[in-house]
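Enquirer: Sharing upload-v5.txt (compact mmCIF, C-alpha atoms) below.
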# COMPACT_ATOMS: atom_id res chain seq x y z
CA MET L 1 -73.52 -19.49 37.34
CA ARG L 2 -73.08 -15.99 38.71
CA GLU L 3 -69.46 -15.04 39.29
CA LEU L 4 -68.59 -14.63 42.95
CA ARG L 5 -67.04 -11.52 44.36
CA PRO L 6 -63.27 -11.92 44.97
CA GLY L 7 -63.53 -12.07 48.77
CA ARG L 8 -66.48 -14.47 48.74
CA SER L 9 -64.86 -16.55 46.01
CA ARG L 10 -61.71 -17.00 48.05
CA ARG L 11 -63.63 -18.02 51.19
CA TRP L 12 -65.67 -20.50 49.15
CA ARG L 13 -62.53 -21.98 47.62
CA GLY L 14 -60.98 -22.21 51.08
CA TRP L 15 -63.90 -24.18 52.49
CA ALA L 16 -64.01 -26.31 49.37
CA ALA L 17 -60.35 -27.18 49.81
CA LEU L 18 -60.95 -27.96 53.48
CA VAL L 19 -63.83 -30.29 52.63
CA ALA L 20 -61.75 -31.92 49.90
CA GLY L 21 -58.90 -32.45 52.34
CA LEU L 22 -61.16 -34.04 54.88
CA ALA L 23 -62.71 -36.20 52.22
CA THR L 24 -59.28 -37.39 51.18
CA VAL L 25 -58.49 -38.33 54.74
CA ALA L 26 -61.77 -40.20 55.01
CA LEU L 27 -61.26 -42.10 51.76
CA THR L 28 -57.80 -43.27 52.79
CA THR L 29 -59.12 -44.76 56.04
CA SER L 30 -59.01 -48.56 56.03
CA SER L 31 -62.21 -48.92 58.03
CA ALA L 32 -65.26 -50.12 56.22
CA VAL L 33 -67.09 -47.16 57.69
CA ALA L 34 -65.08 -43.95 57.70
CA ASP L 35 -64.13 -42.76 61.14
CA PRO L 36 -64.75 -39.10 61.97
CA PRO L 37 -61.69 -36.97 61.09
CA SER L 38 -59.32 -36.44 63.94
CA ASP L 39 -58.04 -33.09 65.12
CA ASP L 40 -54.78 -33.79 63.28
CA ASP L 41 -56.70 -34.50 60.08
CA VAL L 42 -58.55 -31.19 60.37
CA ARG L 43 -55.35 -29.33 61.15
CA ARG L 44 -53.55 -30.83 58.14
CA ALA L 45 -56.48 -29.94 55.88
CA ARG L 46 -56.53 -26.41 57.16
CA ASP L 47 -52.77 -26.12 56.67
CA ALA L 48 -53.23 -27.26 53.09
CA VAL L 49 -55.86 -24.57 52.54
CA THR L 50 -53.63 -21.92 54.09
CA GLN L 51 -50.73 -23.04 51.93
CA ALA L 52 -52.87 -22.92 48.79
CA GLU L 53 -54.21 -19.48 49.62
CA GLY L 54 -50.69 -18.29 50.42
CA SER L 55 -49.51 -19.57 47.08
CA VAL L 56 -52.29 -17.69 45.29
CA ALA L 57 -51.49 -14.49 47.19
CA ALA L 58 -47.80 -14.86 46.36
CA MET L 59 -48.57 -15.29 42.67
CA GLU L 60 -50.84 -12.25 42.67
CA ALA L 61 -48.15 -10.22 44.45
CA GLU L 62 -45.61 -11.32 41.86
CA LEU L 63 -47.96 -10.26 39.06
CA ALA L 64 -48.19 -6.82 40.65
CA ARG L 65 -44.38 -6.66 40.86
CA LEU L 66 -44.13 -7.65 37.21
CA THR L 67 -46.48 -4.82 36.24
CA ALA L 68 -44.36 -2.34 38.20
CA ALA L 69 -41.16 -3.70 36.62
CA GLU L 70 -42.62 -3.38 33.12
CA GLN L 71 -43.67 0.21 33.76
CA SER L 72 -40.29 1.09 35.24
CA ALA L 73 -38.46 -0.38 32.24
CA GLN L 74 -40.64 1.52 29.78
CA ILE L 75 -40.23 4.77 31.71
CA ALA L 76 -36.46 4.31 31.88
CA ALA L 77 -36.32 3.93 28.09
CA GLN L 78 -38.52 6.99 27.54
CA GLU L 79 -36.49 9.04 30.01
CA ALA L 80 -33.32 8.09 28.16
CA GLY L 81 -35.01 9.12 24.92
CA GLU L 82 -35.89 12.50 26.39
CA VAL L 83 -32.29 13.01 27.52
CA TYR L 84 -31.22 12.29 23.96
CA ALA L 85 -33.83 14.67 22.54
CA GLN L 86 -32.53 17.45 24.76
CA ALA L 87 -28.91 16.61 23.92
CA LEU L 88 -29.75 16.57 20.21
CA GLU L 89 -31.49 19.93 20.46
CA THR L 90 -28.49 21.35 22.32
CA SER L 91 -26.18 19.94 19.66
CA GLN L 92 -28.22 21.46 16.85
CA GLN L 93 -28.28 24.83 18.60
CA ALA L 94 -24.52 24.60 19.16
CA ASP L 95 -24.01 23.84 15.47
CA ALA L 96 -26.13 26.85 14.53
CA THR L 97 -24.19 29.08 16.93
CA ALA L 98 -20.88 27.78 15.59
CA ALA L 99 -21.99 28.39 12.00
CA SER L 100 -23.06 31.93 12.91
CA ALA L 101 -19.74 32.58 14.65
CA ALA L 102 -17.83 31.23 11.66
CA ALA L 103 -19.78 33.55 9.35
CA GLU L 104 -19.07 36.50 11.65
CA LYS L 105 -15.37 35.59 11.61
CA VAL L 106 -15.36 35.57 7.80
CA ALA L 107 -17.02 39.00 7.78
CA ALA L 108 -14.51 40.31 10.33
CA ASP L 109 -11.59 38.97 8.31
CA SER L 110 -13.04 40.68 5.24
CA ALA L 111 -13.27 43.96 7.15
CA VAL L 112 -9.62 43.63 8.18
CA ALA L 113 -8.60 43.04 4.57
CA GLU L 114 -10.56 46.11 3.46
CA ALA L 115 -9.02 48.26 6.19
CA ARG L 116 -5.56 47.00 5.25
CA THR L 117 -6.17 47.97 1.60
CA GLN L 118 -7.18 51.47 2.64
CA LEU L 119 -4.14 51.72 4.88
CA VAL L 120 -1.86 50.76 1.98
CA GLN L 121 -3.48 53.42 -0.21
CA VAL L 122 -2.88 56.09 2.43
CA ALA L 123 0.71 54.94 2.86
CA ARG L 124 1.28 55.30 -0.87
CA GLN L 125 -0.27 58.77 -0.85
CA LEU L 126 1.96 59.83 2.02
CA SER L 127 5.01 58.51 0.23
CA THR L 128 4.35 60.96 -2.67
CA THR L 129 4.41 63.90 -0.26
CA GLY L 130 7.39 62.75 1.71
CA GLY L 131 5.37 61.88 4.74
CA SER L 132 5.25 64.14 7.75
CA SER L 133 8.84 65.35 7.23
CA GLY L 134 7.92 66.89 3.91
CA THR L 135 5.07 68.95 5.22
CA LEU L 136 7.06 72.20 5.69
CA THR L 137 8.83 71.85 2.30
CA ALA L 138 5.50 71.32 0.54
CA ILE L 139 4.10 74.50 2.07
CA LEU L 140 7.20 76.66 1.51
CA SER L 141 7.42 75.69 -2.18
CA ALA L 142 4.00 77.12 -2.85
CA ASP L 143 3.85 79.79 -5.57
CA ASP L 144 1.60 82.11 -3.62
CA PHE L 145 -0.45 82.35 -0.48
CA GLN L 146 -3.47 80.73 -2.08
CA ASP L 147 -1.41 77.78 -3.27
CA MET L 148 0.20 77.46 0.16
CA ALA L 149 -3.21 77.38 1.85
CA GLU L 150 -4.47 74.71 -0.52
CA ARG L 151 -1.41 72.52 0.04
CA ALA L 152 -1.69 72.85 3.82
CA ALA L 153 -5.35 71.88 3.68
CA GLN L 154 -4.57 68.81 1.55
CA LEU L 155 -1.86 67.67 3.93
CA GLU L 156 -4.16 68.17 6.90
CA HIS L 157 -6.80 66.10 5.11
CA VAL L 158 -4.24 63.34 4.48
CA THR L 159 -3.20 63.35 8.13
CA VAL L 160 -6.79 63.14 9.38
CA ARG L 161 -7.61 60.40 6.89
CA THR L 162 -4.47 58.53 7.96
CA ASP L 163 -5.61 58.59 11.57
CA GLN L 164 -9.07 57.39 10.59
CA VAL L 165 -7.76 54.55 8.44
CA VAL L 166 -5.31 53.42 11.12
CA GLN L 167 -8.05 53.46 13.76
CA SER L 168 -10.38 51.57 11.44
CA PHE L 169 -7.71 48.95 10.78
CA GLN L 170 -7.00 48.54 14.49
CA ALA L 171 -10.71 48.23 15.27
CA ALA L 172 -11.17 45.66 12.50
CA GLN L 173 -8.26 43.65 13.86
CA THR L 174 -9.72 43.71 17.37
CA VAL L 175 -13.11 42.54 16.09
CA ALA L 176 -11.49 39.84 13.97
CA GLN L 177 -9.52 38.52 16.94
CA THR L 178 -12.69 38.44 19.05
CA MET L 179 -14.64 36.66 16.32
CA ASP L 180 -11.82 34.19 15.80
CA GLN L 181 -11.83 33.32 19.50
CA ARG L 182 -15.63 33.03 19.52
CA ALA L 183 -15.56 30.82 16.44
CA GLN L 184 -13.04 28.51 18.07
CA GLU L 185 -15.02 28.35 21.32
CA THR L 186 -18.34 27.68 19.62
CA ALA L 187 -16.78 25.04 17.37
CA THR L 188 -15.37 23.30 20.45
CA ALA L 189 -18.75 23.54 22.17
CA ALA L 190 -20.49 22.13 19.09
CA THR L 191 -18.11 19.18 19.02
CA ALA L 192 -18.69 18.52 22.71
CA ALA L 193 -22.46 18.79 22.26
CA LYS L 194 -22.36 16.37 19.35
CA THR L 195 -20.36 13.90 21.43
CA ALA L 196 -22.84 14.26 24.30
CA ALA L 197 -25.73 13.63 21.93
CA GLU L 198 -24.08 10.53 20.53
CA THR L 199 -23.47 9.26 24.06
CA ALA L 200 -27.09 9.95 25.00
CA LEU L 201 -28.28 8.11 21.90
CA GLY L 202 -26.22 5.06 22.83
CA GLN L 203 -27.66 5.13 26.34
CA ALA L 204 -31.20 5.49 24.99
CA GLU L 205 -30.74 2.55 22.65
CA GLN L 206 -29.33 0.44 25.49
CA ALA L 207 -32.23 1.44 27.74
CA ALA L 208 -34.66 0.41 25.01
CA THR L 209 -32.90 -2.95 24.62
CA ASP L 210 -32.98 -3.50 28.39
CA ALA L 211 -36.65 -2.53 28.50
CA GLN L 212 -37.50 -4.97 25.75
CA SER L 213 -35.68 -7.76 27.56
CA THR L 214 -37.53 -6.92 30.77
CA LEU L 215 -40.88 -6.84 28.99
CA SER L 216 -40.29 -10.15 27.23
CA ALA L 217 -39.19 -11.90 30.41
CA ALA L 218 -42.06 -10.37 32.37
CA GLN L 219 -44.61 -11.46 29.78
CA ASP L 220 -43.31 -15.04 29.81
CA ARG L 221 -43.47 -15.12 33.60
CA ARG L 222 -46.91 -13.48 33.54
CA ASP L 223 -48.23 -16.24 31.26
CA GLU L 224 -46.88 -18.88 33.66
CA LEU L 225 -48.43 -17.19 36.69
CA VAL L 226 -51.82 -16.69 35.06
CA ALA L 227 -51.94 -20.37 34.10
CA ALA L 228 -50.90 -21.37 37.63
CA LEU L 229 -53.54 -19.08 39.14
CA ALA L 230 -56.22 -20.54 36.92
CA GLU L 231 -55.27 -24.03 38.07
CA ALA L 232 -54.97 -23.08 41.75
CA GLN L 233 -58.33 -21.32 41.77
CA ASN L 234 -60.09 -23.82 39.53
CA THR L 235 -60.93 -21.19 36.93
CA SER L 236 -59.60 -20.62 33.40
CA VAL L 237 -56.82 -18.59 31.87
CA ALA L 238 -59.42 -16.34 30.23
CA VAL L 239 -61.05 -15.63 33.60
CA GLU L 240 -57.68 -14.86 35.20
CA LEU L 241 -56.68 -12.57 32.34
CA ALA L 242 -59.98 -10.72 32.70
CA ARG L 243 -59.38 -10.39 36.43
CA GLN L 244 -55.90 -8.96 35.87
CA ALA L 245 -57.34 -6.53 33.33
CA ALA L 246 -59.90 -5.45 35.92
CA ILE L 247 -57.10 -4.85 38.43
CA ASP L 248 -55.21 -2.73 35.88
CA ALA L 249 -58.40 -0.79 35.08
CA ALA L 250 -59.00 -0.08 38.77
CA ARG L 251 -55.43 1.16 39.13
CA GLU L 252 -55.84 3.45 36.12
CA SER L 253 -59.18 4.74 37.45
CA GLN L 254 -57.52 5.67 40.73
CA ALA L 255 -54.71 7.42 38.84
CA GLN L 256 -57.31 9.43 36.91
CA ALA L 257 -59.02 10.49 40.12
CA ASP L 258 -55.69 11.56 41.59
CA VAL L 259 -54.78 13.65 38.53
CA VAL L 260 -58.14 15.42 38.45
CA ALA L 261 -57.93 16.12 42.18
CA MET L 262 -54.50 17.73 41.77
CA ALA L 263 -55.76 20.13 39.07
CA PRO L 264 -59.53 20.70 39.48
CA ALA L 265 -61.56 21.65 36.44
CA GLY L 266 -62.19 25.37 36.09
CA ARG L 267 -59.24 26.36 38.23
CA PRO L 268 -57.53 29.39 36.64
CA SER L 269 -54.36 28.18 34.98
CA SER L 270 -52.86 31.60 34.41
CA GLY L 271 -53.19 35.26 35.16
CA GLY L 272 -53.53 35.97 31.45
CA PRO L 273 -52.60 34.65 28.05
CA THR L 274 -48.89 34.92 28.79
CA GLY L 275 -48.71 34.05 32.47
CA GLY L 276 -49.35 31.27 34.93
CA THR L 277 -50.24 30.58 38.52
CA THR L 278 -47.90 29.06 41.04
CA GLY L 279 -48.08 25.31 40.77
CA GLY L 280 -47.31 24.34 44.37
CA SER L 281 -47.61 20.57 44.60
CA THR L 282 -49.21 20.30 41.19
CA GLY L 283 -45.96 19.90 39.35
CA GLY L 284 -45.54 23.48 38.26
CA SER L 285 -48.54 25.11 36.61
CA SER L 286 -46.90 28.47 35.96
CA GLY L 287 -45.33 30.01 32.90
CA GLY L 288 -45.73 29.51 29.18
CA THR L 289 -47.88 31.18 26.58
CA SER L 290 -50.76 30.26 24.29
CA SER L 291 -51.86 31.40 20.86
CA GLY L 292 -55.39 31.06 22.17
CA ALA L 293 -56.92 29.87 18.89
CA THR L 294 -59.15 26.78 19.04
CA THR L 295 -58.70 26.17 15.33
CA ALA L 296 -54.94 26.02 15.79
CA GLY L 297 -55.27 22.92 17.96
CA GLN L 298 -57.62 21.31 15.46
CA THR L 299 -55.12 22.02 12.69
CA ALA L 300 -52.32 20.44 14.73
CA VAL L 301 -54.32 17.29 15.45
CA ALA L 302 -55.55 16.94 11.86
CA TRP L 303 -51.98 17.03 10.62
CA ALA L 304 -50.71 14.64 13.34
CA ARG L 305 -53.29 12.08 12.24
CA THR L 306 -51.79 12.10 8.75
CA GLN L 307 -48.60 10.72 10.32
CA ILE L 308 -50.27 7.66 11.85
CA GLY L 309 -48.38 4.50 10.98
CA LYS L 310 -44.96 6.14 10.64
CA PRO L 311 -42.26 4.58 12.84
CA TYR L 312 -40.79 5.91 16.05
CA LEU L 313 -37.19 7.11 15.79
CA TRP L 314 -34.90 8.47 18.51
CA GLY L 315 -34.73 12.21 17.88
CA GLY L 316 -37.01 11.80 14.87
CA SER L 317 -38.21 15.07 13.35
CA GLY L 318 -39.79 13.71 10.18
CA PRO L 319 -40.83 13.48 7.56
CA ASP L 320 -40.64 9.68 7.66
CA ALA L 321 -40.16 8.98 11.39
CA TRP L 322 -40.81 10.76 14.68
CA ASP L 323 -40.17 10.78 18.38
CA CYS L 324 -42.81 12.11 20.77
CA SER L 325 -41.73 15.76 20.94
CA GLY L 326 -40.73 15.81 17.29
CA LEU L 327 -44.32 14.91 16.36
CA THR L 328 -45.91 17.54 18.63
CA GLN L 329 -43.40 20.14 17.45
CA ALA L 330 -44.17 19.48 13.78
CA ALA L 331 -47.93 19.30 14.37
CA TRP L 332 -48.05 22.71 16.00
CA ARG L 333 -45.72 24.12 13.36
CA GLN L 334 -48.56 23.49 10.90
CA ALA L 335 -50.64 25.88 13.04
CA GLY L 336 -47.92 28.54 13.00
CA VAL L 337 -46.61 27.87 16.53
CA SER L 338 -42.95 27.20 17.25
CA LEU L 339 -42.02 24.63 19.91
CA ALA L 340 -38.74 23.11 21.00
CA HIS L 341 -37.84 19.51 20.18
CA SER L 342 -38.01 18.38 23.81
CA SER L 343 -41.02 17.40 25.92
CA ARG L 344 -39.53 19.05 29.01
CA THR L 345 -38.84 22.29 27.19
CA GLN L 346 -42.28 22.23 25.55
CA TYR L 347 -43.83 22.05 29.02
CA THR L 348 -42.12 25.33 29.95
CA GLN L 349 -43.30 27.00 26.72
CA VAL L 350 -47.03 26.33 26.91
CA LYS L 351 -49.87 27.78 28.96
CA LYS L 352 -50.85 25.32 31.71
CA VAL L 353 -54.37 23.88 31.58
CA PRO L 354 -55.98 21.48 34.10
CA ILE L 355 -56.48 18.04 32.58
CA ALA L 356 -60.24 18.37 33.00
CA ASP L 357 -60.21 21.56 30.88
CA LEU L 358 -58.24 20.28 27.89
CA ARG L 359 -59.33 21.01 24.35
CA VAL L 360 -58.34 19.47 21.04
CA GLY L 361 -54.65 19.96 20.26
CA ASP L 362 -53.50 20.62 23.82
CA LEU L 363 -50.39 18.78 24.91
CA VAL L 364 -50.37 16.18 27.68
CA PHE L 365 -47.21 15.16 29.52
CA TRP L 366 -46.01 12.21 31.59
CA ALA L 367 -43.31 12.31 34.28
CA SER L 368 -41.67 9.86 36.65
CA ASN L 369 -42.39 12.44 39.38
CA THR L 370 -45.48 14.49 38.55
CA SER L 371 -44.45 17.15 41.09
CA ASP L 372 -41.22 17.76 39.18
CA PRO L 373 -41.46 18.88 35.51
CA SER L 374 -37.77 18.13 35.03
CA THR L 375 -38.66 14.41 35.11
CA ILE L 376 -41.08 14.63 32.15
CA TYR L 377 -40.37 11.87 29.63
CA HIS L 378 -43.28 11.83 27.15
CA VAL L 379 -45.69 14.21 25.39
CA ALA L 380 -48.71 13.68 23.14
CA LEU L 381 -51.59 15.60 21.53
CA TRP L 382 -54.98 15.41 23.21
CA THR L 383 -57.61 14.65 20.55
CA GLY L 384 -60.78 14.49 22.62
CA PRO L 385 -62.11 12.86 25.79
CA GLY L 386 -59.88 9.94 26.67
CA THR L 387 -57.82 9.86 23.47
CA ILE L 388 -54.44 11.06 22.20
CA VAL L 389 -52.17 10.97 19.15
CA GLU L 390 -48.61 10.02 20.01
CA ALA L 391 -45.28 8.70 18.81
CA PRO L 392 -45.03 6.19 21.66
CA ALA L 393 -41.74 4.29 21.80
CA PRO L 394 -39.12 2.38 19.79
CA GLY L 395 -40.62 -0.51 17.87
CA LEU L 396 -44.02 1.18 17.66
CA THR L 397 -45.59 3.63 15.22
CA VAL L 398 -47.46 6.92 15.48
CA ARG L 399 -50.95 6.03 16.66
CA THR L 400 -54.14 7.09 18.36
CA ALA L 401 -54.42 5.61 21.84
CA PRO L 402 -56.40 5.86 25.08
CA LEU L 403 -55.18 8.54 27.47
CA LYS L 404 -53.25 6.87 30.29
CA TYR L 405 -53.47 8.63 33.64
CA THR L 406 -50.66 6.78 35.39
CA ASN L 407 -47.75 9.28 35.71
CA LEU L 408 -49.77 11.93 33.83
CA MET L 409 -48.91 15.51 34.76
CA PRO L 410 -51.98 17.19 36.30
CA TYR L 411 -51.61 20.12 33.90
CA GLY L 412 -51.56 19.88 30.15
CA GLY L 413 -50.24 22.61 27.91
CA ARG L 414 -51.87 24.92 25.35
CA PRO L 415 -49.33 26.17 22.75
Please render this file's structure as structure tokens.

Expert:
Amino acid sequence: MRELRPGRSRRWRGWAALVAGLATVALTTSSAVADPPSDDDVRRARDAVTQAEGSVAAMEAELARLTAAEQSAQIAAQEAGEVYAQALETSQQADATAASAAAEKVAADSAVAEARTQLVQVARQLSTTGGSSGTLTAILSADDFQDMAERAAQLEHVTVRTDQVVQSFQAAQTVAQTMDQRAQETATAATAAKTAAETALGQAEQAATDAQSTLSAAQDRRDELVAALAEAQNTSVAVELARQAAIDAARESQAQADVVAMAPAGRPSSGGPTGGTTGGSTGGSSGGTSSGATTAGQTAVAWARTQIGKPYLWGGSGPDAWDCSGLTQAAWRQAGVSLAHSSRTQYTQVKKVPIADLRVGDLVFWASNTSDPSTIYHVALWTGPGTIVEAPAPGLTVRTAPLKYTNLMPYGGRP
């Protein structure tokens, strides 16, 4: 039997329920020959149909709410992961700055010690000549004019050298004090950044736990609703699942159309290899640079595929586990391109390319608000029409997957 269209199917089921209701009324009549249904009988049957249809509509609305809740929970976990990735990157940079400042302090302290040694040597030399008070005596005790001139020149040299050594010592002390202060400040900043990263990690892990609870509860409720829908509409669970899949596919198709409309194919994405056009409502299409080499993207994707199957890890940068931006960062490193370990920062680094103009290796980004790049929460490598390589989320592994257009930024990025 050919499957009815949704609207026609519902009308048919409504009339079928009405007929069934009237039949029930007729069968319960005590007369040997059934009396025609009364107006009350018809009204009760119609009320039953309306109630049944209302119940179906309510279940379908709840399914839609469940889908939205699942997506929101997943996005919240990924957003928390991105916050952690940024905090971790900040912490690592702070550690590097603190280490550099500590090394500069050691060098400055060494310079002070060297200047102090030279100052001691000059002091000893002055002590053999009696210091400044012995200058006239040293000159007057000369045997002849030539000897007097030589002694005066030596004393002048000592005086000049003394001034130079004292100034050098004072300068070294000033530098050392500055480096000491910088070392203390950067060490404090590094400690604070580490604490912030640890806090962000805890929040990300909690968000992931909450998301998993939401997903589990939503899936249980979804199973109940699908079974109830199948019963209410006299179909099967398989048919209802297929219908829900069709609804999801239609939603994704509309999202794709919206993304393509926001960034039309062929639209210039930059004024040159190092620039970008103003994004307007497109979520910021300006800025970033590109190496411009097609083979670089192919190299990045080829390497990323060798990581398939490795687990997701918050802040993972390999070699055994990855997060989303850690994977894209490492993949493009194989092609000689340096990227930050943050999807939001990566978006600012790359040349913007309309989704319809992507090529292998380009980066694609997702955001809770596609008009605001600061809300980006996920990044992946585009591997060809409709496919990506990604490190998706906790509990999952690096994989190839279909490109999802829901919450996709209208511009990808070319490193």

Enquirer: So, with only C-alpha atoms as the atoms that count, which of L:Pro394, L:Gly336, L:Gly361, L:Gly297 lies closest to Gln78 (chain L)?

Expert: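 Nearest to Gln78 (chain L): L:Pro394.
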
Enquirer: Go through L:Gln219, L:Thr375, L:Thr289, L:Gln298 and flag the residue nearest Leu339 (chain L), using all atoms listed in the file for the distances.

Expert: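 Closest candidate: L:Thr289.
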
Enquirer: Would you kindly return, as an MDAnalysis selection string, each protein, DNA or RNA residue with an atom no farther than 10 Å from any atom of region 309-311 of chain L, considering all atoms listed in the file and excluding same-chain residues fewer than 3 positions away?

Expert: chainID L and resid 305:306 316 318:323 391:400

Enquirer: If you keep C-alpha atoms, can you produce a file of those selected residues as a short mmCIF file (atom, residue, chain, number, x, y, z; two decimals), in the coordinates of the input?

Expert:
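The new file out.cif reads:
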data_model
loop_
_atom_site.label_atom_id
_atom_site.label_comp_id
_atom_site.auth_asym_id
_atom_site.auth_seq_id
_atom_site.Cartn_x
_atom_site.Cartn_y
_atom_site.Cartn_z
CA ARG L 305 -53.29 12.08 12.24
CA THR L 306 -51.79 12.10 8.75
CA GLY L 316 -37.01 11.80 14.87
CA GLY L 318 -39.79 13.71 10.18
CA PRO L 319 -40.83 13.48 7.56
CA ASP L 320 -40.64 9.68 7.66
CA ALA L 321 -40.16 8.98 11.39
CA TRP L 322 -40.81 10.76 14.68
CA ASP L 323 -40.17 10.78 18.38
CA ALA L 391 -45.28 8.70 18.81
CA PRO L 392 -45.03 6.19 21.66
CA ALA L 393 -41.74 4.29 21.80
CA PRO L 394 -39.12 2.38 19.79
CA GLY L 395 -40.62 -0.51 17.87
CA LEU L 396 -44.02 1.18 17.66
CA THR L 397 -45.59 3.63 15.22
CA VAL L 398 -47.46 6.92 15.48
CA ARG L 399 -50.95 6.03 16.66
CA THR L 400 -54.14 7.09 18.36
#

Enquirer: Would you mind reading off the distance between CA of Thr345 (chain L) and CA of Ala208 (chain L), one decimal, in Å?

Expert: 22.4 Å

Enquirer: Which is closest to Asp95 (chain L) among L:Ala64, L:Ala227, L:Ala73, L:Ala189, if we use all atoms listed in the file?

Expert: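 Ranking L:Ala64, L:Ala227, L:Ala73, L:Ala189 by distance to Asp95 (chain L), first place goes to L:Ala189.
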
Enquirer: Using all atoms listed in the file, what residues lie at most 6 Å away from (-43.1, 12.8, 26.6) (file coordinates), given as a list in words?

Expert: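 The answer, in the requested form, is Cys324, Ser343, Phe365, Trp366, Tyr377, His378 and Val379 of chain L.
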
Enquirer: Find, counting only C-alpha atoms, the residue in L:Thr188, L:Gln329, L:Gln170, L:Gln125 that gets nearest to Val350 (chain L).

Expert: L:Gln329

Enquirer: Could you please determine the separation between CA of Arg124 (chain L) and CA of Thr178 (chain L) in Å, to one decimal place?

Expert: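 Result for CA of Arg124 (chain L) versus CA of Thr178 (chain L): 29.6 Å, one decimal.
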
Enquirer: One decimal, Å: what's the distance from CA of Asp258 (chain L) over to CA of Thr406 (chain L), could you say?

Expert: 9.3 Å

Enquirer: Looking at all atoms listed in the file, which of L:Ile376, L:Ala304, L:Leu358, L:Ala193 is the one that sits closest to Ala87 (chain L)?

Expert: L:Ala193

Enquirer: Would you mind listing what lies within 9 Å of Ala108 (chain L) as a CSV table (one decimal) with C-alpha atoms, in the frame of the given file, with all atoms listed in the file counted and same-chain residues fewer than 5 positions away left out?

Expert:
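Output saved as part_4.csv:
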chain,number,residue,atom,x,y,z
L,103,ALA,CA,-19.8,33.6,9.4
L,113,ALA,CA,-8.6,43.0,4.6
L,172,ALA,CA,-11.2,45.7,12.5
L,173,GLN,CA,-8.3,43.6,13.9
L,175,VAL,CA,-13.1,42.5,16.1
L,176,ALA,CA,-11.5,39.8,14.0
L,177,GLN,CA,-9.5,38.5,16.9
L,179,MET,CA,-14.6,36.7,16.3
L,180,ASP,CA,-11.8,34.2,15.8

Enquirer: As a PDB file with C-alpha atoms, in the coordinates of the input, please: the residues near Ala228 (chain L) (cut-off 12 Å, all atoms listed in the file, same-chain neighbours under 3 positions excluded).

Expert:
ATOM      1  CA  ALA L  52     -52.870 -22.920  48.790  1.00  0.00           C
ATOM      2  CA  SER L  55     -49.510 -19.570  47.080  1.00  0.00           C
ATOM      3  CA  VAL L  56     -52.290 -17.690  45.290  1.00  0.00           C
ATOM      4  CA  ALA L  57     -51.490 -14.490  47.190  1.00  0.00           C
ATOM      5  CA  ALA L  58     -47.800 -14.860  46.360  1.00  0.00           C
ATOM      6  CA  MET L  59     -48.570 -15.290  42.670  1.00  0.00           C
ATOM      7  CA  GLU L  60     -50.840 -12.250  42.670  1.00  0.00           C
ATOM      8  CA  LEU L  63     -47.960 -10.260  39.060  1.00  0.00           C
ATOM      9  CA  ARG L 221     -43.470 -15.120  33.600  1.00  0.00           C
ATOM     10  CA  ARG L 222     -46.910 -13.480  33.540  1.00  0.00           C
ATOM     11  CA  ASP L 223     -48.230 -16.240  31.260  1.00  0.00           C
ATOM     12  CA  GLU L 224     -46.880 -18.880  33.660  1.00  0.00           C
ATOM     13  CA  LEU L 225     -48.430 -17.190  36.690  1.00  0.00           C
ATOM     14  CA  GLU L 231     -55.270 -24.030  38.070  1.00  0.00           C
ATOM     15  CA  ALA L 232     -54.970 -23.080  41.750  1.00  0.00           C
ATOM     16  CA  GLN L 233     -58.330 -21.320  41.770  1.00  0.00           C
ATOM     17  CA  ASN L 234     -60.090 -23.820  39.530  1.00  0.00           C
ATOM     18  CA  THR L 235     -60.930 -21.190  36.930  1.00  0.00           C
ATOM     19  CA  SER L 236     -59.600 -20.620  33.400  1.00  0.00           C
ATOM     20  CA  VAL L 237     -56.820 -18.590  31.870  1.00  0.00           C
ATOM     21  CA  GLU L 240     -57.680 -14.860  35.200  1.00  0.00           C
ATOM     22  CA  LEU L 241     -56.680 -12.570  32.340  1.00  0.00           C
TER      23      LEU L 241
END

Enquirer: Ranking L:Ala367, L:Ala77, L:Leu403, L:Ala192 by minimum distance to Gly384 (chain L) and counting all atoms listed in the file, which one comes first?

Expert: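 Selected residue with least distance to Gly384 (chain L): L:Leu403.
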
Enquirer: Could you give me, as a PyMOL selection string, the residues within 12 Å of region 74-76 of chain L, counting all atoms listed in the file and dropping anything in the same chain fewer than 3 positions from it?

Expert: chain L and resi 67-71+79-83+203-216+366-369+375-378+392-394+406-407
